[in-house]
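Step one of this worksheet: look at the structure below.
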Amino acid sequence: MQFKHPEFLYALFALIIPILVHLFQLRRFQKVDFTNVKFLKAVTVQTRKSSQIKKWLTLVTRLLALAAIIIAFAQPFLALEEIVGKKSETAIYLDNSFSMQAKGSKGTLLKRTIQEILSELPEEETISLFTNTDVFLNVTKKDIKNDLLQIEYSSNQLSYRSAFLKAKQLLSSSPETIKRVIMVSDFQQKESSFSLPKDTDAKTHLVQLQPVTRQNIAIDSLYLSHNPNNNLILNVLLSNIDANGENTSIALYNGDKLIAKTTVSIPKNGRATTEFRLEENIKINGRVTLEDPAITFDNSRYFTINSPEKIKVVAINESNGNFIKNIFTPDEFRLQNSSINNLNYNDISTANLVIINEVKQLPISLINALKPFTDQGGTVCFIPAINGDLASYQQLISGYSSQGLLTEHSQEKKITSINFSHPLFSGVFDKKVSNFQYPKVNSYYRANASNIALSFEDSSPFLYKISNLYVFTAAINKENSNFKNSPLIVPALYNMGKQSLQLTDISYTIGQTNSYDIPIALNQDRILSLVSDNESIIPLQQSFSTKVRITTDEVPTKSGIYSLQDKTNIIQHVSYNYNSAESDLQYYNLSTSENYQVSTSITELFDEIKEETSVNELWKWFIIFALIFLLIEILLLKYLK
């Protein structure tokens with residue numbers, strides 16, 4: 001038992017006064033001689049012993065009554081020792097990711113949780129609350145009521161570890177406060193295991209919300225392909241969780257116009273693919289939809305097919321350039337072949353990729369033209385010649401790095417290693433290839449390089465990249481190498497061309513870093529905007545002489561088809577979709593541990609916190625005890641004979 005005003009307890013020393021008074025009044029019986037005692041017959045006989053007992057009982061009741069009154073003024077209470085005299089700080093993480101659209105026993109998980117927070121949170125309690133998108137610092141329930149009711153679902157979810165660390169940052173470092181971190185989520189499984197940093201300064205509470213069903217049908221992804229008849233096909237990949245999806249209806253729209261519809265059956269916890277045939281060379285602002293009431297964010301996916309832009313390639317040849325013509329076909333590229341003597345330098349400034357094909361000696365004018373070209377986002381592929389002018393080669397490469405070509409060696413070497421993670425080969429192979437027919441060279445230039453795409457058997461580089469310059473270390477003509485006959489040459493050169501102007505894909509994922517090029521020249525005062533019916537943003541952009549590179553990550557935040565605009569002029573359209581990872585309704589199986597306590601609802605948790613932090617005041621009981629003792633005293637005086 002503890003006291004709010006312990007100084008009143010000094011008054012207990014005053015209890016010695018009635019004790020002294022009582023002792024003073026306890027006089028001894030004296031004998032009195034009477035000649036006749038008949039007049040005392042009517043007097044109740046009282047022994048000396050019974051009189052003393054009555055007086056002592058009266059004294060005890062008076063002392064107890066006075067002590068109870070004094071203790072009542074000291075305001076005693078019962079509470080846990082660690083909470084006495086301390087204020088509380090609470091940081092709440094409220095997960096508003098798309099998986100919180102799942103239905104619980106009393107409605108959607110997120111909306112029901114918001115109602116419980118508004119219902120259970122004390123009116124005057126100050127908390128800090130944050131979601132995946134918003135932060136509210138040191139607010140009361142009244143301050144954030146409207147904001148909570150208007151919270152929208154977000155495609156960008158913090159990792160649970162990041163959410164915990166962010167909650168810790170919102171709490172003070174004072175040791176005089178009781179700190180609590182409350183994380184409210186369905187705790188959808190993102191990684192193989194769940195863990196939080198161990199923390200002794202704050203109590204961590206996890207509220208894991210459980211949906212009544214995990215059933216969900218989702219559109220996972222879209223991609224284009226060509227069938228054996230060379231028809232353009234839109235492939236729709238679907239997934240299904242927890243129940244069989246029989247005859248699920250899938251619709252394809254171009255804008256608001258329905259252009260195709262089909263049904264597909266998806267096995268329980270399985271996947272299925274359906275196809276739509278599209279017409280070639282037609283601009284499409286497409287949308288694929290299905291109907292599934294469980295979770296709605298993954299019921300639609302958007303895609304865009306813009307008018308094809310051709311990538312300009314300038315090839316400067318002193319060797320046979322037919323292999324370049326076979327790779328850079330007219331349907332995707334505008335190839336311009338030229339010899340070093342007939343080269344028009346103005347063509348370089350408007351190109352996206354320049355290939356120097358075994359030119360023996362590089363003119364200083366060409367070297368001077370290539371550096372500003374790459375500075376403006378252009379790409380150069382350099383293939384040296386046999387017995388080339390090493391000084392001019394080194395002068396070209398020195399403009400980018402000290403990793404230039406060294407001496408030439410006449411020695412047969414095999415090209416044995418592929419850097420599968422290099423941008424040129426990323427996604428090209430289904431699996432890592434270790435035993436293929438190795439191409440070889442008869443002579444090569446030694447080089448020191450780091451960003452290597454292909455290397456020889458001794459790990460020295462055959463193809464590497466410095467900034468926007470790709471460098472081969474050996475000639476690839478038929479006399480020196482059989483690399484032209486290798487399957488590696490096509491993805492290497494083709495991806496150089498495709499990456500020199502990164503045309504827009506059919507769609508991008510919100511929350512990931514996306515980069516693409518728009519073939520338009522802008523002056524310094526003009527900027528491009530992404531505009532849809534829901535939002536308008538200015539993305540990160542970098543202007544070059546022939547293109548503008550757009551980079552997005554956290555924005556846009558809404559899925560849909562965006563028009564890329566120069567003021568009011570629409571240049572082209574770009575589609576953004578939500579990450580489909582939220583569609584997989586798999587959850588961690590959490591239980592209380594030494595690091596955190598697990599609850600199933602906000603109401604349950606708040607009841608536990610109230611019980612844990614409750615203060616039971618006892619002063620009313622001591623007032624009642626004082627009245628009882630006074631009543632006992634009255635009864636003793638009146639009825640005890």
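Ligands are numbered from 1 in the order shown, residues from 1 within each chain, and chains are lettered A, B, ... in the order they appear in the structure tokens.
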Got a sec: who's within 6 Å of stretch 290-298 of chain A, counting only C-alpha atoms, leaving out chain neighbours fewer than 2 positions off, as a ChimeraX atom specification?
/A:101-102,216,218-219,249-250,300
With N, CA and C atoms retained, write the just-selected residues as an mmCIF file, in the first residue's frame.
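Result went into part19.cif, see below:
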data_model
loop_
_atom_site.group_PDB
_atom_site.id
_atom_site.type_symbol
_atom_site.label_atom_id
_atom_site.label_comp_id
_atom_site.auth_asym_id
_atom_site.auth_seq_id
_atom_site.Cartn_x
_atom_site.Cartn_y
_atom_site.Cartn_z
ATOM 1 N N GLN A 101 -7.556 -5.083 -46.002
ATOM 2 C CA GLN A 101 -8.912 -5.076 -46.556
ATOM 3 C C GLN A 101 -9.658 -6.373 -46.248
ATOM 4 N N ALA A 102 -8.952 -7.397 -45.792
ATOM 5 C CA ALA A 102 -9.584 -8.689 -45.523
ATOM 6 C C ALA A 102 -10.682 -8.532 -44.482
ATOM 7 N N ASN A 216 -8.882 -15.480 -51.741
ATOM 8 C CA ASN A 216 -8.616 -14.296 -52.557
ATOM 9 C C ASN A 216 -8.178 -14.724 -53.952
ATOM 10 N N ALA A 218 -6.584 -13.115 -57.433
ATOM 11 C CA ALA A 218 -5.838 -11.912 -57.780
ATOM 12 C C ALA A 218 -5.255 -12.018 -59.176
ATOM 13 N N ILE A 219 -5.090 -10.839 -59.808
ATOM 14 C CA ILE A 219 -4.321 -10.732 -61.050
ATOM 15 C C ILE A 219 -2.897 -10.407 -60.649
ATOM 16 N N SER A 249 -14.618 -14.749 -64.137
ATOM 17 C CA SER A 249 -14.767 -13.897 -65.322
ATOM 18 C C SER A 249 -13.637 -12.874 -65.381
ATOM 19 N N ILE A 250 -12.971 -12.791 -66.546
ATOM 20 C CA ILE A 250 -11.875 -11.851 -66.775
ATOM 21 C C ILE A 250 -12.253 -10.974 -67.966
ATOM 22 N N SER A 300 -7.817 -5.453 -60.494
ATOM 23 C CA SER A 300 -7.551 -4.768 -61.764
ATOM 24 C C SER A 300 -6.051 -4.576 -61.932
#
Which of stretch 155-252 of chain A fall in helix (DSSP H, G or I), as an MDAnalysis selection string:
chainID A and resid 160:170
Same residues, N, CA and C atoms, output as a PDB file, in the first residue's frame:
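The new file result-v4.pdb reads:
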ATOM      1  N   TYR A 160       8.209  -4.825 -40.714  1.00  0.00           N
ATOM      2  CA  TYR A 160       7.852  -4.809 -39.300  1.00  0.00           C
ATOM      3  C   TYR A 160       9.020  -4.310 -38.452  1.00  0.00           C
ATOM      4  N   ARG A 161      10.209  -4.630 -38.848  1.00  0.00           N
ATOM      5  CA  ARG A 161      11.382  -4.133 -38.117  1.00  0.00           C
ATOM      6  C   ARG A 161      11.490  -2.614 -38.247  1.00  0.00           C
ATOM      7  N   SER A 162      11.262  -2.097 -39.455  1.00  0.00           N
ATOM      8  CA  SER A 162      11.320  -0.644 -39.667  1.00  0.00           C
ATOM      9  C   SER A 162      10.224   0.066 -38.885  1.00  0.00           C
ATOM     10  N   ALA A 163       9.034  -0.535 -38.846  1.00  0.00           N
ATOM     11  CA  ALA A 163       7.926   0.065 -38.091  1.00  0.00           C
ATOM     12  C   ALA A 163       8.265   0.120 -36.605  1.00  0.00           C
ATOM     13  N   PHE A 164       8.881  -0.942 -36.087  1.00  0.00           N
ATOM     14  CA  PHE A 164       9.258  -0.957 -34.672  1.00  0.00           C
ATOM     15  C   PHE A 164      10.295   0.129 -34.380  1.00  0.00           C
ATOM     16  N   LEU A 165      11.309   0.233 -35.224  1.00  0.00           N
ATOM     17  CA  LEU A 165      12.351   1.238 -35.008  1.00  0.00           C
ATOM     18  C   LEU A 165      11.789   2.652 -35.136  1.00  0.00           C
ATOM     19  N   LYS A 166      10.844   2.837 -36.035  1.00  0.00           N
ATOM     20  CA  LYS A 166      10.223   4.161 -36.178  1.00  0.00           C
ATOM     21  C   LYS A 166       9.400   4.500 -34.941  1.00  0.00           C
ATOM     22  N   ALA A 167       8.697   3.506 -34.391  1.00  0.00           N
ATOM     23  CA  ALA A 167       7.933   3.734 -33.164  1.00  0.00           C
ATOM     24  C   ALA A 167       8.861   4.120 -32.019  1.00  0.00           C
ATOM     25  N   LYS A 168      10.020   3.475 -31.942  1.00  0.00           N
ATOM     26  CA  LYS A 168      10.979   3.812 -30.897  1.00  0.00           C
ATOM     27  C   LYS A 168      11.470   5.247 -31.012  1.00  0.00           C
ATOM     28  N   GLN A 169      11.622   5.723 -32.245  1.00  0.00           N
ATOM     29  CA  GLN A 169      12.077   7.095 -32.443  1.00  0.00           C
ATOM     30  C   GLN A 169      11.048   8.110 -31.968  1.00  0.00           C
ATOM     31  N   LEU A 170       9.774   7.731 -31.962  1.00  0.00           N
ATOM     32  CA  LEU A 170       8.716   8.652 -31.534  1.00  0.00           C
ATOM     33  C   LEU A 170       8.614   8.753 -30.019  1.00  0.00           C
TER      34      LEU A 170
END
10 Å contact set for A:Tyr508, only C-alpha atoms, chain neighbours under 2 positions out, as a list in words:
Tyr302, Phe303, Thr304, Thr504, Asp505, Ile506, Ile510, Gly511, Gln512, Thr513, Asn514, Ser515, Thr552, Asp553, Ser559, Val574, Ser575, Tyr576, Asn577, Tyr578 and Asn579 of chain A
Any chance you can output those residues with N, CA and C atoms as a JSON list (two decimals), in the first residue's frame?
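Below you can see again_21.json, which holds the result:
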[["chain", "number", "residue", "atom", "x", "y", "z"],
["A", 302, "TYR", "N", -3.41, -2.53, -64.90],
["A", 302, "TYR", "CA", -3.39, -1.63, -66.05],
["A", 302, "TYR", "C", -2.14, -1.90, -66.90],
["A", 303, "PHE", "N", -2.26, -1.62, -68.18],
["A", 303, "PHE", "CA", -1.11, -1.73, -69.07],
["A", 303, "PHE", "C", -1.27, -0.72, -70.20],
["A", 304, "THR", "N", -0.15, -0.36, -70.78],
["A", 304, "THR", "CA", -0.15, 0.63, -71.85],
["A", 304, "THR", "C", 0.75, 0.15, -72.98],
["A", 504, "THR", "N", 9.37, 2.82, -72.46],
["A", 504, "THR", "CA", 8.48, 2.42, -71.37],
["A", 504, "THR", "C", 7.99, 0.98, -71.55],
["A", 505, "ASP", "N", 7.92, 0.25, -70.42],
["A", 505, "ASP", "CA", 7.31, -1.07, -70.40],
["A", 505, "ASP", "C", 5.80, -0.93, -70.42],
["A", 506, "ILE", "N", 5.11, -2.07, -70.51],
["A", 506, "ILE", "CA", 3.65, -2.00, -70.54],
["A", 506, "ILE", "C", 3.09, -1.57, -69.19],
["A", 510, "ILE", "N", 4.27, 0.22, -58.39],
["A", 510, "ILE", "CA", 4.38, 1.31, -57.42],
["A", 510, "ILE", "C", 5.22, 0.84, -56.23],
["A", 511, "GLY", "N", 6.10, 1.72, -55.76],
["A", 511, "GLY", "CA", 6.94, 1.39, -54.62],
["A", 511, "GLY", "C", 8.30, 0.86, -55.00],
["A", 512, "GLN", "N", 8.50, 0.52, -56.27],
["A", 512, "GLN", "CA", 9.80, 0.08, -56.75],
["A", 512, "GLN", "C", 10.45, 1.21, -57.56],
["A", 513, "THR", "N", 11.76, 1.17, -57.68],
["A", 513, "THR", "CA", 12.46, 2.18, -58.47],
["A", 513, "THR", "C", 12.31, 1.84, -59.95],
["A", 514, "ASN", "N", 11.67, 2.72, -60.68],
["A", 514, "ASN", "CA", 11.41, 2.53, -62.11],
["A", 514, "ASN", "C", 12.07, 3.65, -62.89],
["A", 515, "SER", "N", 12.71, 3.30, -64.00],
["A", 515, "SER", "CA", 13.38, 4.29, -64.82],
["A", 515, "SER", "C", 13.08, 4.02, -66.30],
["A", 552, "THR", "N", 10.91, 7.01, -61.01],
["A", 552, "THR", "CA", 9.88, 7.04, -59.97],
["A", 552, "THR", "C", 10.13, 5.92, -58.98],
["A", 553, "ASP", "N", 9.72, 6.13, -57.73],
["A", 553, "ASP", "CA", 9.78, 5.06, -56.74],
["A", 553, "ASP", "C", 8.57, 5.16, -55.81],
["A", 559, "SER", "N", -2.74, 3.34, -58.37],
["A", 559, "SER", "CA", -2.62, 2.59, -59.62],
["A", 559, "SER", "C", -3.50, 3.23, -60.68],
["A", 574, "VAL", "N", 1.65, 6.06, -69.42],
["A", 574, "VAL", "CA", 2.41, 5.10, -68.63],
["A", 574, "VAL", "C", 1.47, 4.49, -67.60],
["A", 575, "SER", "N", 1.57, 3.17, -67.40],
["A", 575, "SER", "CA", 0.70, 2.47, -66.44],
["A", 575, "SER", "C", 1.47, 2.10, -65.19],
["A", 576, "TYR", "N", 0.80, 2.24, -64.05],
["A", 576, "TYR", "CA", 1.36, 1.85, -62.76],
["A", 576, "TYR", "C", 0.37, 0.92, -62.05],
["A", 577, "ASN", "N", 0.91, -0.14, -61.44],
["A", 577, "ASN", "CA", 0.09, -1.09, -60.69],
["A", 577, "ASN", "C", 0.64, -1.29, -59.29],
["A", 578, "TYR", "N", -0.24, -1.73, -58.39],
["A", 578, "TYR", "CA", 0.19, -2.04, -57.03],
["A", 578, "TYR", "C", 1.00, -3.34, -57.03],
["A", 579, "ASN", "N", 1.86, -3.46, -56.04],
["A", 579, "ASN", "CA", 2.63, -4.69, -55.86],
["A", 579, "ASN", "C", 1.69, -5.83, -55.49]]
Go through A:Thr140, A:Thr329, A:Asn485, A:Asn156 and flag the residue nearest A:Ile117, using only C-alpha atoms for the distances.
A:Thr140
Residues at most 8 Å from A:Leu59, counting only C-alpha atoms, excluding those fewer than 5 positions away in the same chain, as number ranges by chain?
A: 18-19, 22
Taking only C-alpha atoms into account, name the residue in A:Gln336, A:Ile266, A:Leu57, A:Leu15 that is nearest to A:Asn322.
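Of A:Gln336, A:Ile266, A:Leu57, A:Leu15, the one nearest A:Asn322, counting only C-alpha atoms, is A:Gln336.
In terms of minimum interatomic distance to A:Trp56, A:Val21 ranks closest within A:Asn595, A:Ala74, A:Lys103, A:Val21, counting only C-alpha atoms.
Proximity of A:Lys567, A:Lys465, A:Lys498, A:Arg549 to A:Phe333, computed with only C-alpha atoms, is greatest for A:Lys498.
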For A:Lys310: contacts at 9 Å, only C-alpha atoms, fewer than 5 positions along chain excluded, given as a ChimeraX atom specification:
/A:330-334
A:Ala14: which residues within 12 Å, counting only C-alpha atoms, same-chain residues fewer than 5 positions away excluded, as a VMD selection string?
chain A and resid 8 to 9 19 to 21 63 66 to 67 70
How many Å separate atom CA of A:Thr509 from atom CA of A:Pro556?
9.7 Å
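Interatomic distance, atom CA of A:Lys325 to atom CA of A:Leu343: 17.3 Å.
Note that atom CA of A:Gly377 and atom CA of A:Lys547 are 8.1 Å apart.
Around A:Ser154, within 10 Å and counting only C-alpha atoms, the residues found are Asp95, Asn96, Ser97, Phe98, Ser99, Met100, Thr131, Asn132, Thr133, Phe297, Thr557, Lys558 and Tyr578 of chain A, once anything fewer than 4 positions away on its own chain is removed.
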Which residues in stretch 374-442 of chain A does DSSP call strand (DSSP E)? List them as an NGL selection string.
:A and (379-383 or 405-418 or 440-442)
